[in-house]
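Raw start-v3.pdb, PDB, C-alpha atoms and all ligand atoms:
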```pdb
ATOM      1  CA  MET A   1     -55.019  87.201 -76.838
ATOM      2  CA  GLU A   2     -57.785  85.360 -78.596
ATOM      3  CA  LYS A   3     -57.369  85.548 -82.374
ATOM      4  CA  PRO A   4     -60.256  85.587 -84.805
ATOM      5  CA  PHE A   5     -60.511  82.254 -86.494
ATOM      6  CA  LEU A   6     -61.995  81.525 -89.867
ATOM      7  CA  LEU A   7     -63.003  78.228 -91.349
ATOM      8  CA  LEU A   8     -64.907  76.920 -94.300
ATOM      9  CA  LEU A   9     -68.206  75.376 -93.545
ATOM     10  CA  LEU A  10     -70.306  73.844 -96.273
ATOM     11  CA  LEU A  11     -73.983  73.362 -96.025
ATOM     12  CA  SER A  12     -77.105  73.845 -98.053
ATOM     13  CA  LEU A  13     -79.761  75.914 -96.410
ATOM     14  CA  LEU A  14     -82.639  77.785 -97.925
ATOM     15  CA  VAL A  15     -82.380  81.437 -96.984
ATOM     16  CA  GLU A  16     -85.021  84.053 -97.634
ATOM     17  CA  HIS A  17     -84.351  87.506 -98.954
ATOM     18  CA  GLY A  18     -86.221  90.242 -97.189
ATOM     19  CA  ASP A  19     -84.312  93.256 -95.849
ATOM     20  CA  GLU A  20     -81.786  90.656 -94.963
ATOM     21  CA  TRP A  21     -81.071  86.965 -95.350
ATOM     22  CA  THR A  22     -82.334  84.451 -92.842
ATOM     23  CA  ILE A  23     -80.403  81.228 -92.417
ATOM     24  CA  ASN A  24     -81.971  78.094 -91.000
ATOM     25  CA  GLY A  25     -80.461  74.619 -90.850
ATOM     26  CA  GLU A  26     -77.744  72.475 -89.365
ATOM     27  CA  LYS A  27     -74.329  71.204 -90.345
ATOM     28  CA  THR A  28     -72.412  68.621 -88.427
ATOM     29  CA  LEU A  29     -68.741  67.608 -88.372
ATOM     30  CA  ILE A  30     -67.145  71.025 -88.729
ATOM     31  CA  THR A  31     -63.445  71.301 -88.047
ATOM     32  CA  ASN A  32     -62.573  73.900 -85.401
ATOM     33  CA  ALA A  33     -66.197  74.990 -84.997
ATOM     34  CA  PRO A  34     -65.915  75.224 -81.186
ATOM     35  CA  VAL A  35     -62.978  77.681 -81.421
ATOM     36  CA  ALA A  36     -63.912  79.591 -84.585
ATOM     37  CA  ASP A  37     -65.034  83.207 -84.428
ATOM     38  CA  PHE A  38     -66.455  83.297 -87.943
ATOM     39  CA  PHE A  39     -67.978  80.750 -90.285
ATOM     40  CA  ILE A  40     -68.152  80.695 -94.051
ATOM     41  CA  VAL A  41     -71.529  79.236 -94.880
ATOM     42  CA  LEU A  42     -72.702  77.966 -98.258
ATOM     43  CA  CYS A  43     -76.393  78.746 -98.587
ATOM     44  CA  GLN A  44     -79.091  78.040-101.113
ATOM     45  CA  THR A  45     -80.026  81.586-102.157
ATOM     46  CA  GLU A  46     -82.542  80.706-104.831
ATOM     47  CA  SER A  47     -84.931  77.830-105.193
ATOM     48  CA  THR A  48     -84.230  76.510-108.691
ATOM     49  CA  ASP A  49     -83.808  73.171-110.451
ATOM     50  CA  LYS A  50     -80.071  73.956-110.677
ATOM     51  CA  PRO A  51     -79.137  74.166-106.980
ATOM     52  CA  ARG A  52     -75.391  74.414-107.600
ATOM     53  CA  LYS A  53     -75.910  77.569-109.661
ATOM     54  CA  SER A  54     -77.959  79.234-106.945
ATOM     55  CA  GLN A  55     -75.790  78.938-103.860
ATOM     56  CA  SER A  56     -73.874  81.763-102.193
ATOM     57  CA  LEU A  57     -71.239  82.087 -99.497
ATOM     58  CA  PHE A  58     -71.784  84.253 -96.420
ATOM     59  CA  ILE A  59     -69.473  85.060 -93.552
ATOM     60  CA  VAL A  60     -71.268  84.706 -90.231
ATOM     61  CA  ASP A  61     -70.020  85.917 -86.856
ATOM     62  CA  LYS A  62     -70.335  83.218 -84.225
ATOM     63  CA  LYS A  63     -71.948  85.768 -81.878
ATOM     64  CA  THR A  64     -74.916  86.224 -84.236
ATOM     65  CA  GLU A  65     -78.212  85.479 -82.529
ATOM     66  CA  GLY A  66     -79.589  82.045 -83.345
ATOM     67  CA  LEU A  67     -76.213  80.407 -84.038
ATOM     68  CA  THR A  68     -75.298  77.556 -81.699
ATOM     69  CA  VAL A  69     -72.164  75.426 -81.713
ATOM     70  CA  THR A  70     -71.951  72.074 -79.971
ATOM     71  CA  LYS A  71     -68.627  70.359 -79.455
ATOM     72  CA  LEU A  72     -68.424  66.791 -80.761
ATOM     73  CA  SER A  73     -66.226  64.243 -79.063
ATOM     74  CA  ASN A  74     -65.242  60.607 -79.548
ATOM     75  CA  LYS A  75     -63.465  60.988 -82.895
ATOM     76  CA  MET A  76     -61.407  58.022 -84.100
ATOM     77  CA  GLY A  77     -58.354  60.185 -84.780
ATOM     78  CA  ILE A  78     -57.013  63.741 -85.210
ATOM     79  CA  ARG A  79     -58.001  64.360 -81.610
ATOM     80  CA  CYS A  80     -55.673  67.370 -81.488
ATOM     81  CA  VAL A  81     -58.269  69.195 -83.602
ATOM     82  CA  THR A  82     -61.659  70.056 -82.226
ATOM     83  CA  THR A  83     -64.846  69.370 -84.204
ATOM     84  CA  GLY A  84     -68.371  70.669 -83.798
ATOM     85  CA  HIS A  85     -71.981  70.756 -84.899
ATOM     86  CA  ILE A  86     -73.561  74.065 -85.884
ATOM     87  CA  SER A  87     -77.188  74.958 -85.755
ATOM     88  CA  PHE A  88     -78.741  78.044 -87.391
ATOM     89  CA  LYS A  89     -82.138  79.191 -86.187
ATOM     90  CA  ASP A  90     -83.347  82.362 -87.928
ATOM     91  CA  VAL A  91     -79.790  83.685 -88.156
ATOM     92  CA  LYS A  92     -79.854  87.088 -89.892
ATOM     93  CA  VAL A  93     -77.111  88.311 -92.215
ATOM     94  CA  SER A  94     -77.045  91.193 -94.678
ATOM     95  CA  ASP A  95     -75.678  91.503 -98.225
ATOM     96  CA  LYS A  96     -72.482  92.871 -96.647
ATOM     97  CA  ASN A  97     -71.779  89.337 -95.390
ATOM     98  CA  LEU A  98     -71.714  87.945 -98.928
ATOM     99  CA  VAL A  99     -68.338  86.430 -99.889
ATOM    100  CA  GLY A 100     -67.629  86.412-103.638
ATOM    101  CA  GLU A 101     -70.410  86.603-106.182
ATOM    102  CA  MET A 102     -74.069  85.990-105.501
ATOM    103  CA  ASN A 103     -75.194  82.527-106.684
ATOM    104  CA  ASN A 104     -71.618  81.538-107.489
ATOM    105  CA  GLY A 105     -70.791  80.101-104.065
ATOM    106  CA  PHE A 106     -70.584  76.491-105.205
ATOM    107  CA  SER A 107     -68.001  77.382-107.814
ATOM    108  CA  HIS A 108     -66.049  79.442-105.232
ATOM    109  CA  SER A 109     -66.112  76.388-102.933
ATOM    110  CA  LEU A 110     -64.668  74.203-105.692
ATOM    111  CA  ASP A 111     -61.877  76.768-106.163
ATOM    112  CA  PHE A 112     -61.213  76.481-102.451
ATOM    113  CA  PHE A 113     -61.172  72.667-102.584
ATOM    114  CA  ALA A 114     -58.790  72.689-105.528
ATOM    115  CA  VAL A 115     -56.251  74.194-103.139
ATOM    116  CA  SER A 116     -57.276  72.791 -99.763
ATOM    117  CA  ARG A 117     -57.199  69.188-100.971
ATOM    118  CA  ILE A 118     -53.465  69.563-101.501
ATOM    119  CA  ALA A 119     -53.121  70.403 -97.818
ATOM    120  CA  ILE A 120     -54.886  67.132 -96.974
ATOM    121  CA  ALA A 121     -52.625  65.258 -99.399
ATOM    122  CA  ALA A 122     -49.637  66.813 -97.623
ATOM    123  CA  GLN A 123     -51.100  65.841 -94.250
ATOM    124  CA  ALA A 124     -51.426  62.266 -95.533
ATOM    125  CA  VAL A 125     -47.834  62.213 -96.825
ATOM    126  CA  GLY A 126     -46.567  63.527 -93.476
ATOM    127  CA  THR A 127     -48.557  60.970 -91.492
ATOM    128  CA  ALA A 128     -47.293  58.162 -93.732
ATOM    129  CA  GLN A 129     -43.673  59.357 -93.595
ATOM    130  CA  GLY A 130     -43.782  59.583 -89.793
ATOM    131  CA  ALA A 131     -45.156  56.048 -89.555
ATOM    132  CA  LEU A 132     -42.479  54.770 -91.949
ATOM    133  CA  GLU A 133     -39.644  56.321 -89.936
ATOM    134  CA  ILE A 134     -40.928  54.936 -86.636
ATOM    135  CA  ALA A 135     -41.478  51.477 -88.141
ATOM    136  CA  LEU A 136     -38.052  51.476 -89.776
ATOM    137  CA  GLU A 137     -36.353  52.314 -86.480
ATOM    138  CA  TYR A 138     -38.346  49.640 -84.663
ATOM    139  CA  ALA A 139     -37.674  46.984 -87.321
ATOM    140  CA  GLN A 140     -33.936  47.528 -86.942
ATOM    141  CA  THR A 141     -34.106  47.363 -83.162
ATOM    142  CA  ARG A 142     -36.606  44.633 -82.372
ATOM    143  CA  GLU A 143     -35.074  41.178 -82.529
ATOM    144  CA  SER A 144     -36.889  37.919 -83.116
ATOM    145  CA  SER A 145     -35.318  34.479 -83.658
ATOM    146  CA  GLY A 146     -31.946  36.084 -82.995
ATOM    147  CA  GLN A 147     -32.061  38.804 -85.620
ATOM    148  CA  PRO A 148     -33.580  42.256 -86.172
ATOM    149  CA  ILE A 149     -37.001  41.803 -87.749
ATOM    150  CA  VAL A 150     -35.998  44.094 -90.651
ATOM    151  CA  ARG A 151     -33.987  41.111 -91.950
ATOM    152  CA  PHE A 152     -37.159  39.109 -92.456
ATOM    153  CA  GLN A 153     -38.046  39.514 -96.102
ATOM    154  CA  GLN A 154     -41.723  40.110 -95.428
ATOM    155  CA  ILE A 155     -40.959  42.984 -93.045
ATOM    156  CA  GLY A 156     -38.268  44.494 -95.262
ATOM    157  CA  ALA A 157     -40.526  44.298 -98.300
ATOM    158  CA  LYS A 158     -43.320  46.117 -96.475
ATOM    159  CA  LEU A 159     -40.961  48.952 -95.610
ATOM    160  CA  ALA A 160     -39.583  49.192 -99.149
ATOM    161  CA  GLN A 161     -43.102  49.143-100.593
ATOM    162  CA  ILE A 162     -44.495  51.897 -98.384
ATOM    163  CA  ALA A 163     -41.373  54.033 -98.806
ATOM    164  CA  THR A 164     -41.907  53.845-102.583
ATOM    165  CA  GLU A 165     -45.595  54.668-102.352
ATOM    166  CA  ILE A 166     -44.903  57.612-100.031
ATOM    167  CA  GLU A 167     -42.368  59.017-102.483
ATOM    168  CA  ALA A 168     -44.898  58.736-105.321
ATOM    169  CA  ALA A 169     -47.587  60.397-103.179
ATOM    170  CA  ARG A 170     -45.170  63.174-102.224
ATOM    171  CA  LEU A 171     -44.260  63.904-105.846
ATOM    172  CA  LEU A 172     -47.898  63.991-106.903
ATOM    173  CA  THR A 173     -48.660  66.378-104.043
ATOM    174  CA  TYR A 174     -45.683  68.601-104.897
ATOM    175  CA  LYS A 175     -46.734  68.691-108.549
ATOM    176  CA  ALA A 176     -50.283  69.752-107.659
ATOM    177  CA  ALA A 177     -48.897  72.440-105.317
ATOM    178  CA  TRP A 178     -46.372  73.570-107.938
ATOM    179  CA  MET A 179     -49.197  74.036-110.457
ATOM    180  CA  ILE A 180     -50.871  76.416-108.019
ATOM    181  CA  ASP A 181     -47.630  78.369-107.653
ATOM    182  CA  GLN A 182     -47.653  78.682-111.461
ATOM    183  CA  GLY A 183     -51.183  80.093-111.261
ATOM    184  CA  LYS A 184     -52.595  77.038-113.048
ATOM    185  CA  ILE A 185     -54.904  75.247-110.656
ATOM    186  CA  ASP A 186     -55.427  71.718-111.899
ATOM    187  CA  SER A 187     -58.353  70.270-109.981
ATOM    188  CA  MET A 188     -57.848  66.796-111.479
ATOM    189  CA  LEU A 189     -54.268  66.686-110.231
ATOM    190  CA  THR A 190     -55.381  67.960-106.839
ATOM    191  CA  SER A 191     -57.978  65.203-106.580
ATOM    192  CA  MET A 192     -55.416  62.625-107.701
ATOM    193  CA  ALA A 193     -52.950  63.814-105.056
ATOM    194  CA  LYS A 194     -55.564  63.644-102.313
ATOM    195  CA  LEU A 195     -56.949  60.291-103.459
ATOM    196  CA  TYR A 196     -53.553  58.646-103.753
ATOM    197  CA  ALA A 197     -51.799  60.190-100.743
ATOM    198  CA  SER A 198     -54.686  59.397 -98.398
ATOM    199  CA  ARG A 199     -54.718  55.720 -99.498
ATOM    200  CA  VAL A 200     -50.958  55.559 -99.029
ATOM    201  CA  ALA A 201     -51.338  57.033 -95.528
ATOM    202  CA  VAL A 202     -53.841  54.326 -94.599
ATOM    203  CA  ARG A 203     -51.644  51.578 -96.094
ATOM    204  CA  ALA A 204     -48.413  52.910 -94.559
ATOM    205  CA  THR A 205     -49.826  53.294 -91.051
ATOM    206  CA  ASP A 206     -51.400  49.836 -91.324
ATOM    207  CA  ALA A 207     -47.992  48.398 -92.259
ATOM    208  CA  ALA A 208     -46.353  50.277 -89.383
ATOM    209  CA  VAL A 209     -48.833  48.843 -86.852
ATOM    210  CA  GLN A 210     -48.197  45.375 -88.301
ATOM    211  CA  ILE A 211     -44.434  45.790 -87.991
ATOM    212  CA  PHE A 212     -44.845  46.722 -84.317
ATOM    213  CA  GLY A 213     -46.800  43.498 -83.763
ATOM    214  CA  GLY A 214     -48.787  43.514 -80.491
ATOM    215  CA  TYR A 215     -47.273  46.799 -79.333
ATOM    216  CA  GLY A 216     -48.606  48.420 -82.499
ATOM    217  CA  TYR A 217     -52.080  47.885 -81.157
ATOM    218  CA  MET A 218     -51.344  49.726 -77.923
ATOM    219  CA  GLY A 219     -51.945  53.424 -77.392
ATOM    220  CA  ASP A 220     -48.469  53.826 -75.843
ATOM    221  CA  TYR A 221     -46.903  53.711 -79.316
ATOM    222  CA  LYS A 222     -47.134  56.453 -81.923
ATOM    223  CA  VAL A 223     -48.077  54.101 -84.755
ATOM    224  CA  GLU A 224     -51.441  53.406 -83.131
ATOM    225  CA  ARG A 225     -52.218  57.109 -83.249
ATOM    226  CA  ALA A 226     -50.929  57.468 -86.829
ATOM    227  CA  TYR A 227     -53.190  54.577 -87.878
ATOM    228  CA  ARG A 228     -56.257  56.362 -86.442
ATOM    229  CA  ASP A 229     -55.192  59.775 -87.762
ATOM    230  CA  ALA A 230     -54.641  58.533 -91.322
ATOM    231  CA  LYS A 231     -58.201  57.406 -92.018
ATOM    232  CA  VAL A 232     -59.828  60.814 -91.996
ATOM    233  CA  THR A 233     -57.746  61.913 -94.976
ATOM    234  CA  GLU A 234     -59.877  59.544 -97.077
ATOM    235  CA  ILE A 235     -63.046  61.120 -95.733
ATOM    236  CA  TYR A 236     -62.922  64.872 -95.237
ATOM    237  CA  GLU A 237     -62.417  67.543 -97.889
ATOM    238  CA  GLY A 238     -64.308  65.159-100.186
ATOM    239  CA  THR A 239     -64.258  61.375 -99.799
ATOM    240  CA  SER A 240     -62.139  59.149-102.037
ATOM    241  CA  GLU A 241     -65.285  58.190-103.955
ATOM    242  CA  ILE A 242     -65.938  61.869-104.683
ATOM    243  CA  GLN A 243     -62.301  62.390-105.760
ATOM    244  CA  ARG A 244     -62.682  59.528-108.267
ATOM    245  CA  LEU A 245     -65.845  61.140-109.621
ATOM    246  CA  ALA A 246     -64.032  64.484-109.973
ATOM    247  CA  ILE A 247     -61.088  62.827-111.739
ATOM    248  CA  LEU A 248     -63.386  60.964-114.126
ATOM    249  CA  LYS A 249     -65.311  64.146-114.929
ATOM    250  CA  GLN A 250     -62.075  65.929-115.862
ATOM    251  CA  LEU A 251     -60.846  62.912-117.861
ATOM    252  CA  ILE A 252     -64.009  62.897-119.948
ATOM    253  CA  LYS A 253     -63.713  66.643-120.453
ATOM    254  CA  THR A 254     -60.078  66.274-121.531
ATOM    255  CA  TYR A 255     -60.647  63.218-123.737
ATOM    256  CA  PRO A 256     -64.202  63.536-125.077
ATOM    257  CA  LYS A 257     -65.652  60.752-127.188
ATOM    258  CA  SER A 258     -64.425  61.225-130.760
TER     259      SER A 258
HETATM  260  C1  LIG B 301     -63.216  64.912 -88.557
HETATM  261  C2  LIG B 301     -64.066  65.540 -89.626
HETATM  262  C3  LIG B 301     -64.001  66.899 -89.876
HETATM  263  C4  LIG B 301     -64.811  67.495 -90.859
HETATM  264  N1  LIG B 301     -64.725  68.865 -91.086
HETATM  265  C5  LIG B 301     -65.558  69.451 -91.989
HETATM  266  C6  LIG B 301     -65.554  70.894 -92.200
HETATM  267  O1  LIG B 301     -64.786  71.632 -91.577
HETATM  268  N2  LIG B 301     -66.425  71.417 -93.097
HETATM  269  C7  LIG B 301     -67.295  70.633 -93.778
HETATM  270  O2  LIG B 301     -68.066  71.176 -94.565
HETATM  271  N3  LIG B 301     -67.336  69.287 -93.610
HETATM  272  C8  LIG B 301     -66.481  68.684 -92.731
HETATM  273  N4  LIG B 301     -66.522  67.316 -92.540
HETATM  274  C9  LIG B 301     -67.539  66.550 -93.258
HETATM  275  C10 LIG B 301     -66.937  65.723 -94.368
HETATM  276  O3  LIG B 301     -66.510  66.543 -95.414
HETATM  277  C11 LIG B 301     -68.013  64.702 -94.790
HETATM  278  O4  LIG B 301     -68.184  63.786 -93.726
HETATM  279  C12 LIG B 301     -67.609  63.979 -96.060
HETATM  280  O5  LIG B 301     -67.574  64.870 -97.152
HETATM  281  C13 LIG B 301     -68.580  62.836 -96.395
HETATM  282  O6  LIG B 301     -69.888  63.291 -96.369
HETATM  283  P1  LIG B 301     -70.943  62.513 -95.478
HETATM  284  O7  LIG B 301     -70.368  62.295 -94.126
HETATM  285  O8  LIG B 301     -72.224  63.244 -95.598
HETATM  286  O9  LIG B 301     -71.040  61.085 -96.146
HETATM  287  P2  LIG B 301     -72.109  60.614 -97.229
HETATM  288  O10 LIG B 301     -72.258  61.667 -98.276
HETATM  289  O11 LIG B 301     -73.307  60.118 -96.494
HETATM  290  O12 LIG B 301     -71.340  59.398 -97.880
HETATM  291  C14 LIG B 301     -71.377  58.078 -97.355
HETATM  292  C15 LIG B 301     -70.589  57.176 -98.296
HETATM  293  O13 LIG B 301     -71.198  57.205 -99.596
HETATM  294  C16 LIG B 301     -70.261  57.652-100.557
HETATM  295  N5  LIG B 301     -70.916  58.513-101.537
HETATM  296  C17 LIG B 301     -71.699  59.597-101.312
HETATM  297  N6  LIG B 301     -72.080  60.166-102.461
HETATM  298  C18 LIG B 301     -71.538  59.406-103.448
HETATM  299  C19 LIG B 301     -71.560  59.473-104.864
HETATM  300  N7  LIG B 301     -72.216  60.439-105.531
HETATM  301  N8  LIG B 301     -70.896  58.521-105.552
HETATM  302  C20 LIG B 301     -70.194  57.531-104.920
HETATM  303  N9  LIG B 301     -70.139  57.425-103.561
HETATM  304  C21 LIG B 301     -70.782  58.350-102.851
HETATM  305  C22 LIG B 301     -69.224  58.444 -99.759
HETATM  306  O14 LIG B 301     -67.989  58.539-100.444
HETATM  307  C23 LIG B 301     -69.144  57.638 -98.490
HETATM  308  O15 LIG B 301     -68.308  56.516 -98.683
HETATM  309  C24 LIG B 301     -65.694  66.705 -91.592
HETATM  310  C25 LIG B 301     -65.749  65.304 -91.350
HETATM  311  C26 LIG B 301     -64.945  64.724 -90.402
HETATM  312  C27 LIG B 301     -65.017  63.240 -90.155
END
```
What is this file in structure tokens?
Amino acid sequence: MEKPFLLLLLLSLLVEHGDEWTINGEKTLITNAPVADFFIVLCQTESTDKPRKSQSLFIVDKKTEGLTVTKLSNKMGIRCVTTGHISFKDVKVSDKNLVGEMNNGFSHSLDFFAVSRIAIAAQAVGTAQGALEIALEYAQTRESSGQPIVRFQQIGAKLAQIATEIEAARLLTYKAAWMIDQGKIDSMLTSMAKLYASRVAVRATDAAVQIFGGYGYMGDYKVERAYRDAKVTEIYEGTSEIQRLAILKQLIKTYPKS
């Protein structure tokens, strides 16, 4: 049985208010778009000089006239997940489709990100941990110059370094998740967890490929896939540059100039 599927889609479109809202525009690179039944769409609902205070979220059925989804292919990694491009041409929705408060959609989206970024941090930790375990096994098995390569200081040090970084990333991610369980969402911590864990995932998978030597470069080995899968964690759900901006903003708020 096909299950309804919901995803968050962010875009800025000007919609007009008549009897209903009319959405026009496009948004590319949307996770699960080809299999989703509904989309959450962030729309510009008023034309003001403060766009972030005049955006609203609407839920849109994929069967709505004027909505077209195109599947995108050729992604570097996370090929187990489908990605699409969505086009809106005079798509009509009513006030009943509004999610949350009118003109508060941007703020609702930030609330969503404060939680969803932890999921990406966890994805990064998992990818890094998997790469570490595979590389550790290989380093103890593969022999060069008559000994397992793990005995070479440079290989052993790489493993020790990434294991340490993964543990730090995991703890940061757990702390951010724990704060949510306590009902205290800390967006700075969430951004820190995503920023740090995603960098660790890229570094750890890079080290794993290096430890595999030439085989690491071949698609037959899992580290090649982990290396490609890791990169997106620095890009989606807000790039690392955007996480740094968010962290800085919170730092300045917490420690204003005296
Ligand atoms: C596989 C995949 C799945 C995705 N799924 C979704 C989804 O489901 N929903 C969704 O809404 N989006 C999704 N995205 C889009 C993703 O969130 C964006 O690609 C990402 O936020 C970066 O935006 P951009 O591509 O427009 O890059 P740009 O904004 O063009 O940025 C280009 C570069 O400039 C930097 N940059 C931009 N602005 C600043 C700034 N103010 N200060 C410093 N540096 C800056 C960026 O960090 C980046 O390095 C997905 C992307 C990918 C690759």
Expansion of the PyMOL selection byres (((chain A and resi 102) around 9) and not hetatm) into residues, as a list of chain:residue names: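 After applying the PyMOL selection byres (((chain A and resi 102) around 9) and not hetatm), what remains is A:Thr45, A:Ser54, A:Gln55, A:Ser56, A:Leu57, A:Leu98, A:Val99, A:Gly100, A:Glu101, A:Asn103, A:Asn104, A:Gly105.
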Using all atoms listed in the file for the distances, tell me which of A:Thr31, A:Ser191, A:Gln154, A:Ser109 is nearest to ligand LIG 301 (chain B). A:Thr31
How big is the axis-aligned box around the listed atoms of range 82-91 of chain A once 4 Å is added on each side, and where is its centre? Give both in Å to one decimal, as JSON.
```
{"center_x": -72.5, "center_y": 76.5, "center_z": -85.2, "size_x": 29.7, "size_y": 22.3, "size_z": 13.9}
```
Pick out the closest residue to Leu67 in chain A from this set: A:Ile86, A:Ala168, A:Cys80, A:Leu132. Count all atoms listed in the file.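 When distances to Leu67 in chain A are compared using all atoms listed in the file, the smallest one comes from A:Ile86.
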I'd like the neighbourhood of Asp206 in chain A as an NGL selection string, where a residue qualifies if any of its atoms comes within 10 Å (using all atoms listed in the file), though same-chain residues fewer than 4 positions away should be ignored. :A and (128 or 131 or 200-202 or 210-211 or 216 or 223-224 or 226-228 or 230)
Give me a file of those residues, with C-alpha atoms, as an mmCIF file, in the coordinates of the input.
```cif
data_model
loop_
_atom_site.group_PDB
_atom_site.id
_atom_site.type_symbol
_atom_site.label_atom_id
_atom_site.label_comp_id
_atom_site.auth_asym_id
_atom_site.auth_seq_id
_atom_site.Cartn_x
_atom_site.Cartn_y
_atom_site.Cartn_z
ATOM 1 C CA ALA A 128 -47.293 58.162 -93.732
ATOM 2 C CA ALA A 131 -45.156 56.048 -89.555
ATOM 3 C CA VAL A 200 -50.958 55.559 -99.029
ATOM 4 C CA ALA A 201 -51.338 57.033 -95.528
ATOM 5 C CA VAL A 202 -53.841 54.326 -94.599
ATOM 6 C CA GLN A 210 -48.197 45.375 -88.301
ATOM 7 C CA ILE A 211 -44.434 45.790 -87.991
ATOM 8 C CA GLY A 216 -48.606 48.420 -82.499
ATOM 9 C CA VAL A 223 -48.077 54.101 -84.755
ATOM 10 C CA GLU A 224 -51.441 53.406 -83.131
ATOM 11 C CA ALA A 226 -50.929 57.468 -86.829
ATOM 12 C CA TYR A 227 -53.190 54.577 -87.878
ATOM 13 C CA ARG A 228 -56.257 56.362 -86.442
ATOM 14 C CA ALA A 230 -54.641 58.533 -91.322
#
```
Rounded to one decimal, what separation in Å do you get between CA of Ile252 in chain A and atom C21 of ligand LIG 301 (chain B)? 18.9 Å
Sort by chain and increasing residue number a table of all residues of chain A within 8 Å of ligand LIG 301 (chain B), each with its closest pair of atoms and their distance in Å to one decimal, counting all atoms listed in the file, and write it as a tab-separated table.
```
residue	atom	partner	partner_atom	distance
A:Leu7	CA	B:LIG301	O1	6.8
A:Leu8	CA	B:LIG301	N2	5.8
A:Leu9	CA	B:LIG301	O2	4.3
A:Leu10	CA	B:LIG301	O2	3.9
A:Leu11	CA	B:LIG301	O2	6.5
A:Lys27	CA	B:LIG301	O2	7.6
A:Thr28	CA	B:LIG301	C9	7.2
A:Leu29	CA	B:LIG301	C24	4.5
A:Ile30	CA	B:LIG301	O1	3.7
A:Thr31	CA	B:LIG301	O1	3.8
A:Asn32	CA	B:LIG301	O1	6.9
A:Ala33	CA	B:LIG301	O1	7.5
A:Lys75	CA	B:LIG301	C1	6.9
A:Gly77	CA	B:LIG301	C1	7.8
A:Ile78	CA	B:LIG301	C1	7.1
A:Thr83	CA	B:LIG301	C3	6.2
A:Val232	CA	B:LIG301	C27	6.0
A:Ile235	CA	B:LIG301	C12	5.4
A:Tyr236	CA	B:LIG301	O3	4.0
A:Glu237	CA	B:LIG301	O3	4.9
A:Gly238	CA	B:LIG301	O5	4.5
A:Thr239	CA	B:LIG301	O14	4.7
A:Ser240	CA	B:LIG301	O14	6.1
A:Glu241	CA	B:LIG301	O14	4.4
A:Ile242	CA	B:LIG301	O14	5.8
A:Leu245	CA	B:LIG301	N8	7.0
```
Using all atoms listed in the file, can you tell me which of A:Gln147, A:Asp95, A:Cys43, A:Gln129 comes closest to Ala207 in chain A?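 Closest to Ala207 in chain A, using all atoms listed in the file: A:Gln129.
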Which of these residues is nearest to Ala124 in chain A, using all atoms listed in the file: A:Glu167, A:Glu65, A:Asp181, A:Asp111?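 Among A:Glu167, A:Glu65, A:Asp181, A:Asp111, it is A:Glu167 that comes nearest to Ala124 in chain A.
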With the PyMOL selection byres (((chain A and resi 170) around 9) and not hetatm) as the selection, what would be picked from this file? Answer as a PyMOL selection string, please. chain A and resi 121-122+125-126+165-169+171-175+193+197
Generate the output file for the selected residues, C-alpha atoms, as a PDB file, keeping the file's coordinate frame.
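Dumped everything to result.pdb:
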```pdb
ATOM      1  CA  ALA A 121     -52.625  65.258 -99.399  1.00  0.00           C
ATOM      2  CA  ALA A 122     -49.637  66.813 -97.623  1.00  0.00           C
ATOM      3  CA  VAL A 125     -47.834  62.213 -96.825  1.00  0.00           C
ATOM      4  CA  GLY A 126     -46.567  63.527 -93.476  1.00  0.00           C
ATOM      5  CA  GLU A 165     -45.595  54.668-102.352  1.00  0.00           C
ATOM      6  CA  ILE A 166     -44.903  57.612-100.031  1.00  0.00           C
ATOM      7  CA  GLU A 167     -42.368  59.017-102.483  1.00  0.00           C
ATOM      8  CA  ALA A 168     -44.898  58.736-105.321  1.00  0.00           C
ATOM      9  CA  ALA A 169     -47.587  60.397-103.179  1.00  0.00           C
ATOM     10  CA  LEU A 171     -44.260  63.904-105.846  1.00  0.00           C
ATOM     11  CA  LEU A 172     -47.898  63.991-106.903  1.00  0.00           C
ATOM     12  CA  THR A 173     -48.660  66.378-104.043  1.00  0.00           C
ATOM     13  CA  TYR A 174     -45.683  68.601-104.897  1.00  0.00           C
ATOM     14  CA  LYS A 175     -46.734  68.691-108.549  1.00  0.00           C
ATOM     15  CA  ALA A 193     -52.950  63.814-105.056  1.00  0.00           C
ATOM     16  CA  ALA A 197     -51.799  60.190-100.743  1.00  0.00           C
TER      17      ALA A 197
END
```
Any idea what's packed within 9 Å of Lys62 in chain A, counting all atoms listed in the file, ignoring anything in its chain fewer than 3 positions away? Could you give it as a PyMOL selection string? chain A and resi 36-39+65+67-69
To one decimal place in Å, what is the distance between CA of Ile155 in chain A and CA of Tyr215 in chain A?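 Separating CA of Ile155 in chain A from CA of Tyr215 in chain A is a distance of 15.6 Å.
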From the options A:Asn24, A:Ser47, A:Ser144, A:Gln182, which residue's atoms come nearest to Phe88 in chain A, counting all atoms listed in the file?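 For Phe88 in chain A, the nearest of the given residues is A:Asn24.
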Carefully work through the PyMOL selection byres (((chain A and resi 90) around 8) and not hetatm) for this structure and note down the residues it includes, as a PyMOL selection string. chain A and resi 22-24+66+88-89+91-92
Point (-57.6, 57.1, -101.9) neighbourhood (6 Å, only C-alpha atoms) written as number ranges by chain: A: 195-196, 198-199, 234, 240
Distance CA of Gln161 in chain A-CA of Ala135 in chain A, one decimal place?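 Result for CA of Gln161 in chain A versus CA of Ala135 in chain A: 12.8 Å, one decimal.
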Using all atoms listed in the file, pick whichever of A:Gly213, A:Lys184, A:Glu20, A:Ile40 has the shortest atom-to-atom distance to Ile149 in chain A.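 The closest residue to Ile149 in chain A is A:Gly213.
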